[in-house]
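So this block is data.txt, compact mmCIF, C-alpha atoms:
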# COMPACT_ATOMS: atom_id res chain seq x y z
CA MET Y 1 53.49 -86.61 64.97
CA ARG Y 2 55.71 -88.19 62.34
CA CYS Y 3 54.54 -88.26 58.71
CA PRO Y 4 53.60 -91.90 57.97
CA THR Y 5 54.56 -91.56 54.29
CA CYS Y 6 58.01 -89.93 54.26
CA LYS Y 7 58.73 -90.89 57.91
CA LYS Y 8 60.08 -87.41 58.70
CA ASP Y 9 59.47 -85.60 61.98
CA ASN Y 10 58.16 -82.04 62.42
CA THR Y 11 56.97 -81.63 58.84
CA LEU Y 12 53.20 -81.54 59.46
CA ARG Y 13 51.41 -78.20 59.30
CA PRO Y 14 47.70 -77.29 59.62
CA TRP Y 15 45.82 -77.57 56.32
CA GLU Y 16 42.41 -76.48 55.06
CA GLY Y 17 41.02 -77.10 51.60
CA LEU Y 18 38.57 -78.96 49.40
CA THR Y 19 38.33 -82.73 49.62
CA THR Y 20 36.04 -85.25 47.90
CA VAL Y 21 33.75 -87.60 49.81
CA MET Y 22 31.67 -89.99 47.67
CA GLY Y 23 31.98 -87.65 44.71
CA VAL Y 24 30.89 -84.58 46.69
CA GLU Y 25 33.38 -81.76 47.27
CA VAL Y 26 33.41 -80.55 50.86
CA GLU Y 27 35.58 -78.22 52.91
CA GLY Y 28 38.06 -80.17 54.99
CA ARG Y 29 40.84 -79.59 57.46
CA GLY Y 30 43.74 -81.61 58.71
CA GLN Y 31 47.52 -81.62 58.48
CA ARG Y 32 49.77 -81.47 55.42
CA CYS Y 33 53.36 -82.69 55.25
CA ARG Y 34 55.58 -79.96 53.81
CA SER Y 35 58.10 -82.57 52.74
CA CYS Y 36 56.01 -85.13 50.79
CA ASP Y 37 52.63 -83.32 50.49
CA GLU Y 38 50.77 -86.09 52.36
CA ILE Y 39 47.48 -84.96 53.90
CA LEU Y 40 46.31 -86.44 57.22
CA ILE Y 41 42.72 -86.10 58.40
CA GLU Y 42 41.35 -87.07 61.82
CA LEU Y 43 38.68 -89.77 61.58
CA THR Y 44 36.16 -87.56 63.42
CA GLU Y 45 36.76 -84.85 60.80
CA ARG Y 46 36.17 -87.44 58.03
CA GLY Y 47 32.88 -88.28 59.80
CA ARG Y 48 31.86 -84.60 59.73
CA GLN Y 49 32.67 -84.45 56.01
CA GLU Y 50 30.63 -87.64 55.39
CA ARG Y 51 27.55 -86.20 57.08
CA LEU Y 52 27.91 -83.01 55.03
CA ALA Y 53 28.27 -85.05 51.82
CA ALA Y 54 25.25 -87.20 52.73
CA GLU Y 55 23.13 -84.08 53.41
CA ARG Y 56 24.02 -82.78 49.94
CA LEU Y 57 23.29 -86.15 48.29
CA VAL Y 58 19.90 -86.31 50.02
CA ALA Y 59 19.08 -82.72 49.02
CA ARG Y 60 20.04 -83.47 45.40
CA GLY Y 61 18.37 -86.90 45.41
CA ILE Y 62 20.02 -90.31 45.87
CA ARG Y 63 20.78 -91.58 42.36
CA SER Y 64 22.89 -94.71 42.67
CA GLY Y 65 23.26 -97.84 44.76
CA VAL Y 66 26.61 -96.65 46.13
CA GLU Y 67 25.00 -93.42 47.31
CA PHE Y 68 22.06 -95.35 48.77
CA LYS Y 69 24.41 -97.60 50.77
CA PHE Y 70 26.49 -94.61 51.94
CA VAL Y 71 23.42 -92.72 53.24
CA ARG Y 72 21.97 -95.90 54.79
CA LYS Y 73 25.17 -96.51 56.74
CA LEU Y 74 25.33 -92.92 57.94
CA ALA Y 75 21.69 -93.18 59.03
CA GLY Y 76 22.88 -96.06 61.25
CA LEU Y 77 20.71 -98.61 59.48
CA ARG Y 78 21.49 -102.17 58.45
CA ALA Y 79 20.23 -103.50 55.10
CA ASN Y 80 17.72 -105.82 56.80
CA GLU Y 81 16.25 -102.91 58.84
CA VAL Y 82 15.72 -100.88 55.66
CA ALA Y 83 14.18 -103.93 53.99
CA ASP Y 84 11.73 -104.40 56.90
CA MET Y 85 10.74 -100.71 56.90
CA PHE Y 86 10.25 -100.59 53.12
CA GLY Y 87 8.42 -103.93 52.96
CA VAL Y 88 10.97 -105.62 50.68
CA ARG Y 89 13.43 -108.51 51.09
CA LYS Y 90 17.01 -107.89 52.23
CA GLU Y 91 18.22 -109.29 48.89
CA THR Y 92 16.29 -106.56 47.10
CA VAL Y 93 18.12 -103.86 49.07
CA SER Y 94 21.43 -105.57 48.21
CA ARG Y 95 20.49 -105.53 44.51
CA TRP Y 96 19.67 -101.80 44.71
CA GLU Y 97 23.03 -101.13 46.37
CA ARG Y 98 24.97 -103.20 43.82
CA GLY Y 99 23.25 -101.33 40.99
CA GLU Y 100 21.63 -104.51 39.63
CA VAL Y 101 18.11 -103.12 40.00
CA GLU Y 102 16.99 -99.50 39.78
CA ILE Y 103 16.16 -98.01 43.18
CA PRO Y 104 12.49 -96.95 43.37
CA ARG Y 105 12.30 -93.17 43.77
CA THR Y 106 10.04 -93.57 46.79
CA ALA Y 107 12.69 -95.74 48.51
CA ALA Y 108 15.46 -93.22 47.74
CA TYR Y 109 13.26 -90.42 49.09
CA ALA Y 110 12.28 -92.38 52.20
CA LEU Y 111 15.93 -93.16 52.96
CA GLY Y 112 16.73 -89.45 52.68
CA GLU Y 113 13.97 -88.74 55.18
CA LEU Y 114 15.30 -91.48 57.48
CA PHE Y 115 18.72 -89.79 57.39
CA ALA Y 116 17.31 -86.30 57.98
CA HIS Y 117 14.54 -87.15 60.50
CA PRO Y 118 15.27 -90.68 61.78
CA LYS Y 119 12.77 -90.95 64.65
CA LEU Y 120 9.76 -89.35 62.95
CA THR Y 121 10.23 -91.17 59.63
CA ARG Y 122 10.73 -94.53 61.34
CA GLN Y 123 7.46 -94.03 63.27
CA GLN Y 124 5.63 -93.11 60.07
CA LEU Y 125 6.98 -96.11 58.16
CA GLU Y 126 6.09 -98.44 61.04
CA ALA Y 127 2.57 -96.96 61.14
CA PHE Y 128 2.17 -97.76 57.42
CA ALA Y 129 3.22 -101.35 58.08
CA GLN Y 130 0.41 -101.83 60.61
CA PRO Y 131 -2.51 -103.98 59.29
CA MET M 1 43.90 -95.39 71.32
CA CYS M 2 40.84 -96.19 69.24
CA ARG M 3 38.61 -95.60 72.25
CA LEU M 4 40.46 -92.36 72.96
CA ASP M 5 39.66 -91.29 69.39
CA ARG M 6 43.30 -90.91 68.38
CA ILE M 7 42.68 -92.06 64.81
CA VAL M 8 43.98 -90.32 61.69
CA ILE M 9 43.67 -91.31 58.02
CA THR M 10 46.05 -90.63 55.11
CA ARG M 11 45.01 -89.21 51.74
CA HIS M 12 45.25 -92.73 50.25
CA ALA M 13 43.08 -94.25 53.01
CA ASN M 14 40.56 -91.44 52.44
CA GLN M 15 40.44 -92.36 48.73
CA ARG M 16 40.15 -96.08 49.55
CA MET M 17 37.19 -95.31 51.84
CA ASN M 18 35.46 -93.52 48.94
CA ASN M 19 36.17 -96.41 46.53
CA ARG M 20 35.00 -99.08 48.96
CA GLY M 21 32.04 -97.09 50.26
CA ALA M 22 33.46 -97.31 53.78
CA THR M 23 32.39 -94.72 56.34
CA GLU M 24 33.83 -93.38 59.59
CA PRO M 25 31.74 -95.83 61.70
CA ASP M 26 33.01 -98.71 59.51
CA VAL M 27 36.66 -97.90 60.24
CA ARG M 28 35.94 -97.38 63.94
CA LYS M 29 34.11 -100.72 64.16
CA ALA M 30 36.83 -102.57 62.21
CA LEU M 31 39.46 -101.31 64.68
CA LEU M 32 37.33 -102.23 67.70
CA THR M 33 36.44 -105.72 66.43
CA ALA M 34 39.88 -106.63 65.02
CA THR M 35 41.30 -109.86 66.36
CA ALA M 36 44.96 -109.52 65.31
CA ALA M 37 47.57 -106.88 64.54
CA ILE M 38 50.43 -108.31 62.50
CA ARG M 39 53.68 -106.36 62.31
CA GLN M 40 54.89 -105.76 58.74
CA VAL M 41 58.60 -105.21 59.38
CA ASP M 42 59.48 -104.36 55.78
CA ARG M 43 56.84 -101.63 55.61
CA ASP M 44 57.17 -100.42 59.20
CA ASN M 45 53.44 -100.69 59.89
CA TRP M 46 50.74 -103.03 61.23
CA ARG M 47 48.14 -105.09 59.39
CA VAL M 48 44.99 -105.03 61.57
CA GLU M 49 42.92 -108.08 60.68
CA GLY M 50 39.70 -109.85 61.70
CA GLY M 51 37.59 -106.72 62.07
CA VAL M 52 34.21 -106.15 60.46
CA ASP M 53 32.39 -103.05 59.23
CA THR M 54 28.90 -101.95 60.30
CA ASP M 55 27.33 -104.43 57.84
CA GLY M 56 29.39 -107.30 59.28
CA ASP M 57 31.68 -107.51 56.21
CA ASP M 58 35.44 -108.07 56.66
CA LEU M 59 37.50 -104.89 56.75
CA THR M 60 41.29 -105.11 57.05
CA LEU M 61 43.31 -102.00 57.86
CA VAL M 62 47.00 -101.21 57.48
CA CYS M 63 48.04 -98.81 60.24
CA ASP M 64 51.06 -96.92 61.50
CA ILE M 65 50.67 -97.20 65.27
CA GLY M 66 52.46 -94.63 67.40
CA VAL M 67 51.06 -91.79 69.47
CA ASP M 68 48.05 -91.99 67.14
CA VAL M 69 46.63 -94.79 64.99
CA ILE M 70 47.26 -93.65 61.41
CA VAL M 71 45.20 -95.66 58.93
CA VAL M 72 47.41 -95.94 55.84
CA THR M 73 45.07 -98.07 53.71
CA LEU M 74 42.14 -100.47 53.96
CA PHE M 75 40.67 -103.33 51.96
In structure tokens, how does this file's structure come out?
Amino acid sequence: MRCPTCKKDNTLRPWEGLTTVMGVEVEGRGQRCRSCDEILIELTERGRQERLAAERLVARGIRSGVEFKFVRKLAGLRANEVADMFGVRKETVSRWERGEVEIPRTAAYALGELFAHPKLTRQQLEAFAQP
Amino acid sequence: MCRLDRIVITRHANQRMNNRGATEPDVRKALLTATAAIRQVDRDNWRVEGGVDTDGDDLTLVCDIGVDVIVVTLF
């Protein structure tokens, strides 16, 4: 594969090192160009790093709207689905994610549970919503 | 190539994903839903437009398309 930055052939070598995903340092691997120092990462590898970063954010506690949105997306949930499960309007979730309104701790915790145990947590939240 | 999972990202694209809050599924969906790939002759790459991320928001990618799809940047 040709380096997309310096356009030279046969300069890419295997690389392993620390990389940052959403402010979380994780171990990564890919290819590094020995000519221009470019680092290329396969998208599937980036996905692995994202899940690792999300696990660490959930363990530490989701603290910001950006982190909330990141974990929500990795949990495979749309904003309206989260809104329905948490009993709030979609606009409220958008305000949490834009940092306009503080995220309730219970919502941050519940999202972490949805990421870690999607099926069980969804069932529990739906059971709460029953009249 | 997207369906064959031959997708690679540069260091800059990786940083742009962090800044924009874009995830791996977002990039994958933007490539699969894109409606046009416009050749940028001066930059020797392709502007992949019309795609959306997992929330349905527009996500444009600039890619070097060869044996693999190399995502150079996104916005």
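Computed from the coordinates, the atom CA of Ala36 of chain M to atom CA of Lys69 of chain Y distance equals 27.9 Å.
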Could you make a table, as CSV, of the residues of chain M that have an atom within 7 Å of an atom of chain Y, each with its nearest atom pair and distance in Å to one decimal, counting only C-alpha atoms, in chain and number order?
residue,atom,partner,partner_atom,distance
M:Ile7,CA,Y:Leu43,CA,5.6
M:Val8,CA,Y:Glu42,CA,4.2
M:Ile9,CA,Y:Ile41,CA,5.3
M:Thr10,CA,Y:Leu40,CA,4.7
M:Arg11,CA,Y:Ile39,CA,5.4
M:Asn18,CA,Y:Met22,CA,5.3
M:Gly21,CA,Y:Phe70,CA,6.3
M:Glu24,CA,Y:Gly47,CA,5.2
M:Asp55,CA,Y:Arg78,CA,6.3
M:Asp64,CA,Y:Pro4,CA,6.6
Which residue of Y:Glu102, Y:Glu97, Y:Glu91, Y:Glu55 approaches Leu114 of chain Y most closely, using only C-alpha atoms: Y:Glu55
Tell me which protein, DNA and RNA residues are within 7 Å of Phe75 of chain M, counting all atoms listed in the file, leaving out same-chain ones fewer than 2 positions away, and put them as a PDB file with C-alpha atoms, in the coordinates of the input.
ATOM      1  CA  LEU M  59      37.500-104.890  56.750  1.00  0.00           C
ATOM      2  CA  THR M  60      41.290-105.110  57.050  1.00  0.00           C
ATOM      3  CA  LEU M  61      43.310-102.000  57.860  1.00  0.00           C
TER       4      LEU M  61
END
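Atom CA of Lys119 of chain Y sits 16.9 Å away from atom CA of Val58 of chain Y.
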